[in-house]
Amino acid sequence: MRVLLIGSGGREHALALGLAADPSVEFLAAAPGNPGVAQVAELHEITATDPAAVAALAVELAADLVVVGPEAPLVAGVADAVRAKGIACFGPSAAAAQLEGSKAFAKDVMAAAGVPTARSYACTSPDEAGRALDELGAPYVVKNDGLAAGKGVVVTDDRAAAEQHAADCGTVVIEEYLSGPEVSLFVVTDGTAAVPLMPAQDFKRLADGDAGPNTGGMGAYAPLDWAPDDLVDRVLTETVEPTLAEMRRRGTPFSGLLYVGLALTPDGPKVIEFNARFGDPETQVVLALLESPLGSLLNAAATGTLAQLPPLRWREGAAITVVVASQNYPATPRTGDVIDGAEVPGVIHAGTARRADGALVSAGGRVLSVTATGSDLAAARAAAYALVDGVRLDGAQFRTDIALGAVEGRIKL
């Protein structure tokens with residue numbers, strides 16, 4: 001199988017490693033990729049959000065399967081253009097990707113499907129936003145309606161900050177705050193069959209103790225030993241299957257990766273958000289524990305044969321990833337700093353680049369996802385932070401408490 005992977009972040013490096021390890025994948029290319037992806041794939045310079053360019057490259061490479069990593073190309077219609085060339089594509093159509101592209105659309109689908117989620121209001125003016133904030137109260141949850149690279153959500157007790165975020169975004173969804181631990185569940189689907197992956201938990205805030213601004217994610221771990229035994233089955237029954245049925249009813253079936261962001265509230269799991277692709281950095285830990293061949297799984301979803309796939313196999317133990325971010329992230333990150341110690345197994349590249357002299361340098365906000373496995377969560381955590389200690393990046397930021405609450409048994413439902 002010849003595979004073309006679209007994207008250039010940490011999620012794509014993790015996907016590339018999984019695809020390269022699949023015996024059925026005989027050729028792997030990536031566009032545009034990054035220096036980590038380049039270790040296992042042939043790189044091609046391309047604008048990932050240009051559907052015609054991606055489709056043309058897939059034809060040129062005689063790809064059997066195109067895997068689209070990020071959300072922006074999906075919303076732009078890359079999967080549609082690839083399929084129009086008769087090539088299988090893992091990723092939803094532009095119409096179906098609106099589950100992530102528009103928070104208001106996703107809420108409308110959830111309402112029609114009877115999915116448990118927070119009460120919410122779509123607002124397009126300061127007056128509408130003010131009324132919604134009055135109705136729902138603090139903590140205020142204000143979400144940019146469109147794509148925001150994981151940083152479009154403000155959760156705050158500060159009314160002025162909530163109003164300012166709403167004004168800055170223009171169109172927002174304001175919703176009630178959902179209390180309880182958060183969980184990410186990835187579901188691979190061909191539009192009808194749905195195969196859940198292992199639940200994970202990520203850490204959105206920049207600093208230890210969940211302090212600081214929201215980011216795209218500063219770390220993650222799996223499995224979640226504290227989660228209810230029936231969590232996955234319940235989410236499939238109450239959320240995933242009704243959502244897929246509603247998308248089929250609308251004539252826009254969703255195939256690819258449905259990311260279900262959940263809060264485990266006192267009333268049960270409720271949806272915080274849907275994404276239309278693998279989440280970053282949870283992908284790094286989930287794929288580190290997946291033993292089944294990744295290429296075969298994604299190809300089955302892309303070709304409508306997921307129901308014929310054997311049950312997934314998982315490795316024993318646990319996995320943790322710690323994100324190493326650049327100075328000043330998540331505002332305007334400093335780039336161009338030399339990185340040492342990052343070209344070793346377990347260090348997944350996200351915002352990196354190769355300088356003309358061959359030096360590896362920072363090229364984004366989240367620079368690396370340092371990932372390790374272990375016999376249990378404590379062992380994986382120790383291994384991950386030992387790897388972090390070996391990375392040198394001037395001004396680096398990282399959390400020191402990823403998975404610490406779970407290791408110490410402090411997460412309670």
# chains A, B, ... in the order shown; residues from 1 in each chain; ligands from 1
>>> residues_around(residues="region 248-258 of chain A", least_positions_apart="5", cutoff="7 Å", atoms="only C-alpha atoms", output="list in words")
Phe90, Gly91, Pro92, Ala95, Ala96, Phe186, Val187, Val188, Thr189, Asp190, Gly191, Phe274, Asn275, Ala276, Arg277, Phe278, Ala301 and Ala302 of chain A
>>> residues_around(residues="Val347 (chain A)", least_positions_apart="6", cutoff="8 Å", atoms="only C-alpha atoms", output="MDAnalysis selection string")
chainID A and resid 368:371 387
>>> atom_distance(atom1="CA of Pro32 (chain A)", atom2="CA of Thr49 (chain A)")
10.8 Å
>>> closest_atom_pairs(of="region 277-386 of chain A", to="region 11-22 of chain A", cutoff="6 Å", atoms="only C-alpha atoms", output="tab-separated table")
residue	atom	partner	partner_atom	distance
A:Asp280	CA	A:Arg11	CA	5.4
A:Gln284	CA	A:Ala14	CA	5.6
A:Pro293	CA	A:Asp22	CA	5.1
A:Leu294	CA	A:Leu19	CA	5.7
A:Gly295	CA	A:Leu19	CA	5.3
>>> select_by_dssp(residues="region 6-134 of chain A", states="strand (DSSP E or B)", output="CSV table (one decimal) with N, CA and C atoms, in the first residue's frame")
chain,number,residue,atom,x,y,z
A,6,ILE,N,-0.8,13.9,5.0
A,6,ILE,CA,-0.9,15.4,4.9
A,6,ILE,C,-0.8,16.0,6.3
A,7,GLY,N,0.2,16.9,6.4
A,7,GLY,CA,0.3,17.7,7.7
A,7,GLY,C,1.8,17.8,8.1
A,27,PHE,N,5.2,2.1,0.9
A,27,PHE,CA,5.8,3.4,0.5
A,27,PHE,C,5.0,4.5,1.3
A,28,LEU,N,5.8,5.4,1.9
A,28,LEU,CA,5.1,6.5,2.7
A,28,LEU,C,5.7,7.8,2.3
A,29,ALA,N,4.9,8.7,1.9
A,29,ALA,CA,5.3,10.1,1.7
A,29,ALA,C,4.5,11.0,2.6
A,30,ALA,N,5.0,12.2,2.8
A,30,ALA,CA,4.3,13.2,3.6
A,30,ALA,C,4.4,14.6,3.0
A,31,ALA,N,3.4,15.4,3.2
A,31,ALA,CA,3.4,16.7,2.6
A,31,ALA,C,2.7,17.7,3.6
A,32,PRO,N,3.4,18.7,4.1
A,32,PRO,CA,4.8,19.0,3.9
A,32,PRO,C,5.7,18.3,4.9
A,42,GLU,N,9.1,10.1,2.7
A,42,GLU,CA,9.6,11.0,1.7
A,42,GLU,C,8.8,12.3,1.7
A,43,LEU,N,9.5,13.4,1.9
A,43,LEU,CA,8.8,14.7,2.0
A,43,LEU,C,8.5,15.4,0.7
A,65,LEU,N,-3.8,5.4,-0.6
A,65,LEU,CA,-4.5,5.9,0.5
A,65,LEU,C,-3.8,7.3,0.9
A,66,VAL,N,-4.7,8.3,1.1
A,66,VAL,CA,-4.3,9.6,1.6
A,66,VAL,C,-4.8,9.7,3.0
A,67,VAL,N,-4.0,10.1,4.0
A,67,VAL,CA,-4.4,10.3,5.4
A,67,VAL,C,-4.2,11.8,5.7
A,68,VAL,N,-5.3,12.5,6.0
A,68,VAL,CA,-5.2,13.9,6.2
A,68,VAL,C,-5.2,14.1,7.7
A,88,ALA,N,-8.6,6.4,-2.2
A,88,ALA,CA,-9.2,6.4,-0.9
A,88,ALA,C,-8.6,7.4,0.0
A,89,CYS,N,-9.4,8.0,0.9
A,89,CYS,CA,-8.9,9.1,1.8
A,89,CYS,C,-9.4,8.9,3.2
A,90,PHE,N,-8.5,8.9,4.1
A,90,PHE,CA,-9.0,8.9,5.5
A,90,PHE,C,-9.1,10.3,6.0
A,117,THR,N,-24.9,17.0,26.1
A,117,THR,CA,-23.9,18.0,26.0
A,117,THR,C,-24.4,19.2,26.8
A,120,SER,N,-26.3,25.6,25.4
A,120,SER,CA,-25.5,26.6,24.7
A,120,SER,C,-26.3,27.6,23.9
A,121,TYR,N,-25.6,28.7,23.5
A,121,TYR,CA,-26.2,29.7,22.6
A,121,TYR,C,-25.2,30.1,21.6
A,122,ALA,N,-25.6,30.1,20.3
A,122,ALA,CA,-24.7,30.7,19.3
A,122,ALA,C,-25.0,32.2,19.2
A,123,CYS,N,-23.9,33.0,19.3
A,123,CYS,CA,-24.1,34.5,19.4
A,123,CYS,C,-23.2,35.2,18.3
>>> closest_atom_pairs(of="region 168-226 of chain A", to="region 329-333 of chain A", cutoff="10 Å", atoms="only C-alpha atoms", output="tab-separated table")
residue	atom	partner	partner_atom	distance
A:Arg205	CA	A:Pro330	CA	9.9
A:Leu206	CA	A:Pro330	CA	7.9
A:Gly212	CA	A:Pro330	CA	9.9
A:Pro213	CA	A:Pro330	CA	7.6
A:Asn214	CA	A:Pro330	CA	7.8
A:Thr215	CA	A:Pro330	CA	6.0
A:Gly216	CA	A:Pro330	CA	8.3
>>> residues_around(residues="Glu128 (chain A)", least_positions_apart="5", cutoff="12 Å", atoms="only C-alpha atoms", output="PyMOL selection string")
chain A and resi 120-123+133-135+163+166-167+170-174
>>> residues_around(residues="Gly209 (chain A)", least_positions_apart="2", cutoff="8 Å", atoms="only C-alpha atoms", output="ChimeraX atom specification")
/A:207,211,401
>>> write_last_selection(atoms="N, CA and C atoms", output="PDB file, in the first residue's frame")
ATOM      1  N   ALA A 207       0.445  25.793  32.366  1.00  0.00           N
ATOM      2  CA  ALA A 207       1.336  25.613  33.510  1.00  0.00           C
ATOM      3  C   ALA A 207       0.832  24.547  34.481  1.00  0.00           C
ATOM      4  N   ALA A 211      -2.850  25.951  35.581  1.00  0.00           N
ATOM      5  CA  ALA A 211      -2.788  27.409  35.606  1.00  0.00           C
ATOM      6  C   ALA A 211      -2.399  27.920  34.222  1.00  0.00           C
ATOM      7  N   ASP A 401       3.748  18.192  35.706  1.00  0.00           N
ATOM      8  CA  ASP A 401       2.727  17.418  36.425  1.00  0.00           C
ATOM      9  C   ASP A 401       1.834  16.596  35.498  1.00  0.00           C
TER      10      ASP A 401
END
>>> select_by_dssp(residues="region 185-253 of chain A", states="helix (DSSP H, G or I)", output="list in words")
Asp208, Gly209, Asp210, Leu231, Val232, Asp233, Arg234, Val235, Leu236, Thr237, Glu238, Thr239, Val240, Glu241, Pro242, Thr243, Leu244, Ala245, Glu246, Met247, Arg248 and Arg249 of chain A
>>> write_last_selection(atoms="N, CA and C atoms", output="compact mmCIF listing (two decimals), in the first residue's frame")
# COMPACT_ATOMS: atom_id res chain seq x y z
N ASP A 208 1.72 24.12 35.37
CA ASP A 208 1.38 23.12 36.39
C ASP A 208 0.14 23.55 37.17
N GLY A 209 -0.62 22.54 37.60
CA GLY A 209 -1.81 22.83 38.38
C GLY A 209 -2.93 23.42 37.56
N ASP A 210 -2.89 23.23 36.24
CA ASP A 210 -3.89 23.79 35.33
C ASP A 210 -3.99 25.30 35.45
N LEU A 231 -17.46 3.29 30.19
CA LEU A 231 -17.38 4.61 29.55
C LEU A 231 -17.45 4.52 28.03
N VAL A 232 -16.61 3.70 27.43
CA VAL A 232 -16.54 3.66 25.97
C VAL A 232 -17.86 3.16 25.38
N ASP A 233 -18.40 2.10 25.94
CA ASP A 233 -19.67 1.56 25.44
C ASP A 233 -20.78 2.61 25.56
N ARG A 234 -20.79 3.32 26.68
CA ARG A 234 -21.84 4.32 26.89
C ARG A 234 -21.71 5.47 25.88
N VAL A 235 -20.49 5.92 25.64
CA VAL A 235 -20.29 7.02 24.69
C VAL A 235 -20.63 6.58 23.27
N LEU A 236 -20.29 5.34 22.92
CA LEU A 236 -20.68 4.83 21.60
C LEU A 236 -22.20 4.85 21.44
N THR A 237 -22.90 4.39 22.47
CA THR A 237 -24.36 4.27 22.39
C THR A 237 -25.06 5.62 22.45
N GLU A 238 -24.61 6.49 23.36
CA GLU A 238 -25.32 7.75 23.60
C GLU A 238 -24.88 8.88 22.67
N THR A 239 -23.65 8.80 22.16
CA THR A 239 -23.10 9.94 21.42
C THR A 239 -22.68 9.58 20.00
N VAL A 240 -21.80 8.59 19.85
CA VAL A 240 -21.20 8.34 18.54
C VAL A 240 -22.22 7.81 17.54
N GLU A 241 -22.93 6.75 17.90
CA GLU A 241 -23.88 6.16 16.96
C GLU A 241 -25.00 7.13 16.57
N PRO A 242 -25.60 7.87 17.52
CA PRO A 242 -26.61 8.86 17.11
C PRO A 242 -26.04 9.97 16.22
N THR A 243 -24.81 10.40 16.49
CA THR A 243 -24.20 11.45 15.68
C THR A 243 -23.95 10.96 14.26
N LEU A 244 -23.41 9.75 14.12
CA LEU A 244 -23.17 9.21 12.79
C LEU A 244 -24.49 9.02 12.03
N ALA A 245 -25.52 8.58 12.74
CA ALA A 245 -26.83 8.40 12.10
C ALA A 245 -27.39 9.75 11.63
N GLU A 246 -27.23 10.79 12.44
CA GLU A 246 -27.72 12.12 12.06
C GLU A 246 -26.95 12.66 10.86
N MET A 247 -25.64 12.42 10.83
CA MET A 247 -24.85 12.88 9.67
C MET A 247 -25.27 12.14 8.40
N ARG A 248 -25.58 10.86 8.52
CA ARG A 248 -26.07 10.11 7.35
C ARG A 248 -27.43 10.66 6.93
N ARG A 249 -28.27 10.96 7.90
CA ARG A 249 -29.61 11.47 7.58
C ARG A 249 -29.53 12.78 6.81
>>> decode(residues="region 347-389 of chain A", atoms="C-alpha atoms", output="PDB file, in the first residue's frame")
ATOM      1  CA  VAL A 347      10.935  12.505  20.840  1.00  0.00           C
ATOM      2  CA  ILE A 348       8.185  13.414  18.375  1.00  0.00           C
ATOM      3  CA  HIS A 349       8.662  16.541  16.285  1.00  0.00           C
ATOM      4  CA  ALA A 350       5.926  19.156  15.988  1.00  0.00           C
ATOM      5  CA  GLY A 351       7.193  22.724  15.440  1.00  0.00           C
ATOM      6  CA  THR A 352      10.696  21.961  14.192  1.00  0.00           C
ATOM      7  CA  ALA A 353      12.671  22.836  11.072  1.00  0.00           C
ATOM      8  CA  ARG A 354      16.064  22.050   9.578  1.00  0.00           C
ATOM      9  CA  ARG A 355      18.352  25.056   9.127  1.00  0.00           C
ATOM     10  CA  ALA A 356      20.597  25.356   6.054  1.00  0.00           C
ATOM     11  CA  ASP A 357      23.591  24.277   8.116  1.00  0.00           C
ATOM     12  CA  GLY A 358      21.764  21.129   9.234  1.00  0.00           C
ATOM     13  CA  ALA A 359      20.895  22.323  12.741  1.00  0.00           C
ATOM     14  CA  LEU A 360      17.479  21.427  14.151  1.00  0.00           C
ATOM     15  CA  VAL A 361      15.629  24.586  15.248  1.00  0.00           C
ATOM     16  CA  SER A 362      12.268  25.528  16.734  1.00  0.00           C
ATOM     17  CA  ALA A 363       9.658  26.596  14.185  1.00  0.00           C
ATOM     18  CA  GLY A 364       6.423  26.847  16.155  1.00  0.00           C
ATOM     19  CA  GLY A 365       4.790  27.049  19.548  1.00  0.00           C
ATOM     20  CA  ARG A 366       4.611  23.388  20.511  1.00  0.00           C
ATOM     21  CA  VAL A 367       8.033  22.184  19.440  1.00  0.00           C
ATOM     22  CA  LEU A 368       8.250  18.558  20.623  1.00  0.00           C
ATOM     23  CA  SER A 369       6.047  15.842  22.155  1.00  0.00           C
ATOM     24  CA  VAL A 370       8.318  13.718  24.326  1.00  0.00           C
ATOM     25  CA  THR A 371       6.655  10.307  24.562  1.00  0.00           C
ATOM     26  CA  ALA A 372       7.456   7.185  26.569  1.00  0.00           C
ATOM     27  CA  THR A 373       5.787   3.941  27.569  1.00  0.00           C
ATOM     28  CA  GLY A 374       6.171   1.908  30.724  1.00  0.00           C
ATOM     29  CA  SER A 375       4.759  -1.048  32.613  1.00  0.00           C
ATOM     30  CA  ASP A 376       2.424   1.337  34.415  1.00  0.00           C
ATOM     31  CA  LEU A 377       1.693   5.062  34.522  1.00  0.00           C
ATOM     32  CA  ALA A 378       4.404   5.815  37.063  1.00  0.00           C
ATOM     33  CA  ALA A 379       7.040   4.039  34.986  1.00  0.00           C
ATOM     34  CA  ALA A 380       5.911   5.754  31.774  1.00  0.00           C
ATOM     35  CA  ARG A 381       5.958   9.110  33.521  1.00  0.00           C
ATOM     36  CA  ALA A 382       9.492   8.584  34.835  1.00  0.00           C
ATOM     37  CA  ALA A 383      10.684   7.545  31.376  1.00  0.00           C
ATOM     38  CA  ALA A 384       9.042  10.528  29.669  1.00  0.00           C
ATOM     39  CA  TYR A 385      10.552  13.083  32.019  1.00  0.00           C
ATOM     40  CA  ALA A 386      13.966  11.409  31.721  1.00  0.00           C
ATOM     41  CA  LEU A 387      13.696  12.028  27.970  1.00  0.00           C
ATOM     42  CA  VAL A 388      12.634  15.642  28.579  1.00  0.00           C
ATOM     43  CA  ASP A 389      15.763  16.135  30.679  1.00  0.00           C
TER      44      ASP A 389
END
